[in-house]
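Step one of this worksheet: look at the structure below.
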Amino acid sequence: MSSGKILFAEQDGNYVLKFVGDVRLTLCSTLDQFLASTLDNDNFKTVLIDLTETEGIDSTSLGLLAKISVRMKQRYQQLPTIISTNEDITRVLLSMGFDRVFILIQEAFEGQTALQELDVLQDSEENVRSCVLDAHRTLMELNDDNREKFQDLVRSLEIEG
């Protein structure tokens, strides 16, 4: 698997995030900071998350995506959209209950958008741990299966803190 990167584009408050390669917790601070500034932007309208070139995605990254959905529903009363054409990635999304908190499209996105790569932030171990903890807490809030899957990890991270 190729190392992951996150690309983005914005036009008139409409955002596109594209995950490429293997997206792991090493990108969590980068993604978390981008999401915070994006969702708090007065110009924000919606976000489309393109996973068509995602080879792998870990639970921390999934938790941050879930956080997008929770925040959008709270603040804007709408659901974000995820495009996933990779059956393995789609299966993971469905197993996490993302079909209930996202508009999930399993066909390729036809639009052409000029994307820029997000600069990868180097963050302290404590901030990364906090980001991982928050992401997994968000996943646990989605459904009972996720609560069961991640409760031991969350407890362990809480003890470390």
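Numbering starts fresh at 1 for the residues of each chain in the structure tokens, the chains themselves are lettered A, B, ... in the order given, and ligands are numbered from 1 as they appear.
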Using only C-alpha atoms, determine which residues lie at most 10 Å from Glu87 (chain A), disregarding the query and same-chain residues fewer than 5 positions distant; provide the list as number ranges by chain.
A: 52, 92-93, 106
Generate a file of the selected residues that holds C-alpha atoms, formatted as an mmCIF file, in the first residue's frame.
data_model
loop_
_atom_site.group_PDB
_atom_site.id
_atom_site.type_symbol
_atom_site.label_atom_id
_atom_site.label_comp_id
_atom_site.auth_asym_id
_atom_site.auth_seq_id
_atom_site.Cartn_x
_atom_site.Cartn_y
_atom_site.Cartn_z
ATOM 1 C CA THR A 52 -12.173 6.114 -4.566
ATOM 2 C CA VAL A 92 -15.661 -1.186 6.478
ATOM 3 C CA LEU A 93 -17.849 1.924 6.186
ATOM 4 C CA GLN A 106 -20.704 3.614 -4.497
#
What lies within 9 Å of Ser84 (chain A) using only C-alpha atoms, ignoring chain neighbours under 2 positions off, as a PDB file with N, CA, C and O atoms, in the first residue's frame?
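And here is the file that came out, result_32.pdb:
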ATOM      1  N   ILE A  49     -16.578  13.607   0.507  1.00  0.00           N
ATOM      2  CA  ILE A  49     -15.370  12.858   0.848  1.00  0.00           C
ATOM      3  C   ILE A  49     -15.198  11.750  -0.180  1.00  0.00           C
ATOM      4  O   ILE A  49     -16.047  10.870  -0.302  1.00  0.00           O
ATOM      5  N   ASP A  50     -14.128  11.822  -0.925  1.00  0.00           N
ATOM      6  CA  ASP A  50     -13.856  10.889  -2.021  1.00  0.00           C
ATOM      7  C   ASP A  50     -12.852   9.843  -1.547  1.00  0.00           C
ATOM      8  O   ASP A  50     -11.690  10.155  -1.275  1.00  0.00           O
ATOM      9  N   LEU A  51     -13.324   8.600  -1.439  1.00  0.00           N
ATOM     10  CA  LEU A  51     -12.460   7.496  -1.023  1.00  0.00           C
ATOM     11  C   LEU A  51     -12.161   6.542  -2.170  1.00  0.00           C
ATOM     12  O   LEU A  51     -11.750   5.404  -1.950  1.00  0.00           O
ATOM     13  N   THR A  52     -12.356   6.993  -3.411  1.00  0.00           N
ATOM     14  CA  THR A  52     -12.173   6.114  -4.566  1.00  0.00           C
ATOM     15  C   THR A  52     -10.726   5.664  -4.753  1.00  0.00           C
ATOM     16  O   THR A  52     -10.483   4.635  -5.383  1.00  0.00           O
ATOM     17  N   GLU A  53      -9.768   6.412  -4.227  1.00  0.00           N
ATOM     18  CA  GLU A  53      -8.357   6.021  -4.335  1.00  0.00           C
ATOM     19  C   GLU A  53      -7.768   5.643  -2.987  1.00  0.00           C
ATOM     20  O   GLU A  53      -6.551   5.585  -2.815  1.00  0.00           O
ATOM     21  N   THR A  54      -8.636   5.370  -2.031  1.00  0.00           N
ATOM     22  CA  THR A  54      -8.191   4.956  -0.702  1.00  0.00           C
ATOM     23  C   THR A  54      -7.925   3.459  -0.728  1.00  0.00           C
ATOM     24  O   THR A  54      -8.788   2.670  -1.093  1.00  0.00           O
ATOM     25  N   ILE A  82     -20.072  10.559   1.160  1.00  0.00           N
ATOM     26  CA  ILE A  82     -18.850   9.774   0.929  1.00  0.00           C
ATOM     27  C   ILE A  82     -19.032   9.003  -0.369  1.00  0.00           C
ATOM     28  O   ILE A  82     -20.073   8.385  -0.594  1.00  0.00           O
ATOM     29  N   ASN A  86     -14.336   1.190  -3.745  1.00  0.00           N
ATOM     30  CA  ASN A  86     -13.547   0.030  -3.325  1.00  0.00           C
ATOM     31  C   ASN A  86     -14.416  -0.816  -2.385  1.00  0.00           C
ATOM     32  O   ASN A  86     -14.805  -0.353  -1.316  1.00  0.00           O
ATOM     33  N   GLU A  87     -14.705  -2.046  -2.780  1.00  0.00           N
ATOM     34  CA  GLU A  87     -15.601  -2.896  -1.996  1.00  0.00           C
ATOM     35  C   GLU A  87     -15.108  -3.099  -0.570  1.00  0.00           C
ATOM     36  O   GLU A  87     -15.905  -3.155   0.362  1.00  0.00           O
ATOM     37  N   ILE A  89     -13.255  -1.030   1.288  1.00  0.00           N
ATOM     38  CA  ILE A  89     -13.472   0.214   2.041  1.00  0.00           C
ATOM     39  C   ILE A  89     -14.960   0.384   2.331  1.00  0.00           C
ATOM     40  O   ILE A  89     -15.355   0.706   3.457  1.00  0.00           O
ATOM     41  N   THR A  90     -15.796   0.132   1.343  1.00  0.00           N
ATOM     42  CA  THR A  90     -17.242   0.250   1.530  1.00  0.00           C
ATOM     43  C   THR A  90     -17.724  -0.702   2.616  1.00  0.00           C
ATOM     44  O   THR A  90     -18.546  -0.332   3.458  1.00  0.00           O
ATOM     45  N   LEU A  93     -16.927   0.807   5.904  1.00  0.00           N
ATOM     46  CA  LEU A  93     -17.849   1.924   6.186  1.00  0.00           C
ATOM     47  C   LEU A  93     -19.197   1.398   6.668  1.00  0.00           C
ATOM     48  O   LEU A  93     -19.761   1.909   7.652  1.00  0.00           O
ATOM     49  N   LEU A 104     -23.983   7.727   1.284  1.00  0.00           N
ATOM     50  CA  LEU A 104     -22.929   6.846   0.798  1.00  0.00           C
ATOM     51  C   LEU A 104     -23.197   6.492  -0.664  1.00  0.00           C
ATOM     52  O   LEU A 104     -24.218   5.897  -0.992  1.00  0.00           O
ATOM     53  N   ILE A 105     -22.276   6.889  -1.539  1.00  0.00           N
ATOM     54  CA  ILE A 105     -22.388   6.647  -2.976  1.00  0.00           C
ATOM     55  C   ILE A 105     -21.288   5.671  -3.377  1.00  0.00           C
ATOM     56  O   ILE A 105     -20.127   5.861  -3.022  1.00  0.00           O
ATOM     57  N   GLN A 106     -21.669   4.639  -4.117  1.00  0.00           N
ATOM     58  CA  GLN A 106     -20.704   3.614  -4.497  1.00  0.00           C
ATOM     59  C   GLN A 106     -20.371   3.652  -5.981  1.00  0.00           C
ATOM     60  O   GLN A 106     -19.948   2.658  -6.557  1.00  0.00           O
ATOM     61  N   GLU A 107     -20.541   4.810  -6.595  1.00  0.00           N
ATOM     62  CA  GLU A 107     -20.184   5.007  -8.002  1.00  0.00           C
ATOM     63  C   GLU A 107     -19.139   6.111  -8.085  1.00  0.00           C
ATOM     64  O   GLU A 107     -19.126   7.030  -7.267  1.00  0.00           O
ATOM     65  N   ALA A 108     -18.305   6.047  -9.096  1.00  0.00           N
ATOM     66  CA  ALA A 108     -17.226   7.020  -9.265  1.00  0.00           C
ATOM     67  C   ALA A 108     -17.775   8.430  -9.464  1.00  0.00           C
ATOM     68  O   ALA A 108     -18.815   8.628 -10.074  1.00  0.00           O
TER      69      ALA A 108
END
If we count only C-alpha atoms and set the cut-off at 6 Å, which residues sit around region 132-145 of chain A, ignoring sequence neighbours fewer than 5 positions away in its own chain? Please answer as a PyMOL selection string.
chain A and resi 60+63-64
Between A:Arg24, A:Val101, A:Leu157, A:Ala114, which one has atoms that come closest to Ala9 (chain A), using only C-alpha atoms?
A:Ala114
Where in chain A does DSSP assign alpha helix (DSSP H), given as a PDB file with C-alpha atoms, in the first residue's frame?
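Final output, saved to result-v4.pdb:
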ATOM      1  CA  CYS A  28      -4.976  12.574  12.234  1.00  0.00           C
ATOM      2  CA  SER A  29      -3.682  15.956  13.448  1.00  0.00           C
ATOM      3  CA  THR A  30      -3.600  17.231   9.885  1.00  0.00           C
ATOM      4  CA  LEU A  31      -7.159  16.098   9.224  1.00  0.00           C
ATOM      5  CA  ASP A  32      -8.481  17.191  12.620  1.00  0.00           C
ATOM      6  CA  GLN A  33      -7.105  20.716  12.270  1.00  0.00           C
ATOM      7  CA  PHE A  34      -8.386  21.027   8.709  1.00  0.00           C
ATOM      8  CA  LEU A  35     -11.854  19.864   9.759  1.00  0.00           C
ATOM      9  CA  ALA A  36     -11.993  22.266  12.682  1.00  0.00           C
ATOM     10  CA  SER A  37     -11.160  25.249  10.501  1.00  0.00           C
ATOM     11  CA  THR A  38     -13.454  24.064   7.688  1.00  0.00           C
ATOM     12  CA  LEU A  39     -16.553  23.312   9.737  1.00  0.00           C
ATOM     13  CA  SER A  59     -10.283   3.540  12.774  1.00  0.00           C
ATOM     14  CA  THR A  60      -8.811   6.890  13.817  1.00  0.00           C
ATOM     15  CA  SER A  61      -9.378   8.321  10.344  1.00  0.00           C
ATOM     16  CA  LEU A  62     -12.854   6.789  10.300  1.00  0.00           C
ATOM     17  CA  GLY A  63     -13.566   8.420  13.657  1.00  0.00           C
ATOM     18  CA  LEU A  64     -12.551  11.798  12.285  1.00  0.00           C
ATOM     19  CA  LEU A  65     -14.873  11.269   9.333  1.00  0.00           C
ATOM     20  CA  ALA A  66     -17.659  10.382  11.766  1.00  0.00           C
ATOM     21  CA  LYS A  67     -16.879  13.618  13.600  1.00  0.00           C
ATOM     22  CA  ILE A  68     -17.578  15.511  10.359  1.00  0.00           C
ATOM     23  CA  SER A  69     -21.001  13.917  10.170  1.00  0.00           C
ATOM     24  CA  VAL A  70     -21.847  14.620  13.809  1.00  0.00           C
ATOM     25  CA  ARG A  71     -20.770  18.258  13.565  1.00  0.00           C
ATOM     26  CA  MET A  72     -22.553  18.827  10.246  1.00  0.00           C
ATOM     27  CA  LYS A  73     -25.767  17.333  11.571  1.00  0.00           C
ATOM     28  CA  GLN A  74     -25.582  19.450  14.748  1.00  0.00           C
ATOM     29  CA  ARG A  75     -24.667  22.691  13.063  1.00  0.00           C
ATOM     30  CA  TYR A  76     -26.203  22.472   9.586  1.00  0.00           C
ATOM     31  CA  GLU A  87     -15.601  -2.896  -1.996  1.00  0.00           C
ATOM     32  CA  ASP A  88     -13.255  -3.424   0.969  1.00  0.00           C
ATOM     33  CA  ILE A  89     -13.472   0.214   2.041  1.00  0.00           C
ATOM     34  CA  THR A  90     -17.242   0.250   1.530  1.00  0.00           C
ATOM     35  CA  ARG A  91     -17.580  -2.884   3.650  1.00  0.00           C
ATOM     36  CA  VAL A  92     -15.661  -1.186   6.478  1.00  0.00           C
ATOM     37  CA  LEU A  93     -17.849   1.924   6.186  1.00  0.00           C
ATOM     38  CA  LEU A  94     -21.005  -0.171   6.371  1.00  0.00           C
ATOM     39  CA  SER A  95     -19.677  -2.183   9.326  1.00  0.00           C
ATOM     40  CA  GLU A 125       2.486  12.394  21.058  1.00  0.00           C
ATOM     41  CA  GLU A 126      -0.020  13.758  23.595  1.00  0.00           C
ATOM     42  CA  ASN A 127      -1.995  15.658  20.942  1.00  0.00           C
ATOM     43  CA  VAL A 128      -2.046  12.615  18.656  1.00  0.00           C
ATOM     44  CA  ARG A 129      -3.247  10.437  21.562  1.00  0.00           C
ATOM     45  CA  SER A 130      -5.986  12.967  22.287  1.00  0.00           C
ATOM     46  CA  CYS A 131      -7.019  12.993  18.618  1.00  0.00           C
ATOM     47  CA  VAL A 132      -7.102   9.177  18.505  1.00  0.00           C
ATOM     48  CA  LEU A 133      -9.169   9.085  21.708  1.00  0.00           C
ATOM     49  CA  ASP A 134     -11.660  11.660  20.431  1.00  0.00           C
ATOM     50  CA  ALA A 135     -11.994   9.875  17.077  1.00  0.00           C
ATOM     51  CA  HIS A 136     -12.760   6.539  18.749  1.00  0.00           C
ATOM     52  CA  ARG A 137     -15.225   8.086  21.169  1.00  0.00           C
ATOM     53  CA  THR A 138     -17.053   9.506  18.159  1.00  0.00           C
ATOM     54  CA  LEU A 139     -17.138   6.075  16.496  1.00  0.00           C
ATOM     55  CA  MET A 140     -18.497   4.558  19.719  1.00  0.00           C
ATOM     56  CA  GLU A 141     -21.375   7.038  19.692  1.00  0.00           C
ATOM     57  CA  LEU A 142     -22.548   5.822  16.274  1.00  0.00           C
ATOM     58  CA  ASP A 144     -23.580  -0.405  19.948  1.00  0.00           C
ATOM     59  CA  ASP A 145     -21.306  -2.542  17.749  1.00  0.00           C
ATOM     60  CA  ASN A 146     -18.736   0.245  17.592  1.00  0.00           C
ATOM     61  CA  ARG A 147     -19.061   0.819  21.342  1.00  0.00           C
ATOM     62  CA  GLU A 148     -18.229  -2.839  21.890  1.00  0.00           C
ATOM     63  CA  LYS A 149     -15.336  -2.822  19.372  1.00  0.00           C
ATOM     64  CA  PHE A 150     -13.567   0.225  20.745  1.00  0.00           C
ATOM     65  CA  GLN A 151     -14.347   0.369  24.470  1.00  0.00           C
ATOM     66  CA  ASP A 152     -11.119  -1.373  25.511  1.00  0.00           C
ATOM     67  CA  LEU A 153      -8.982   0.883  23.313  1.00  0.00           C
ATOM     68  CA  VAL A 154     -10.709   4.006  24.637  1.00  0.00           C
ATOM     69  CA  ARG A 155     -10.293   2.851  28.243  1.00  0.00           C
ATOM     70  CA  SER A 156      -6.615   2.167  27.617  1.00  0.00           C
ATOM     71  CA  LEU A 157      -6.065   5.602  26.048  1.00  0.00           C
ATOM     72  CA  GLU A 158      -7.922   7.288  28.906  1.00  0.00           C
ATOM     73  CA  ILE A 159      -5.672   5.549  31.452  1.00  0.00           C
ATOM     74  CA  GLU A 160      -2.537   6.653  29.543  1.00  0.00           C
TER      75      GLU A 160
END
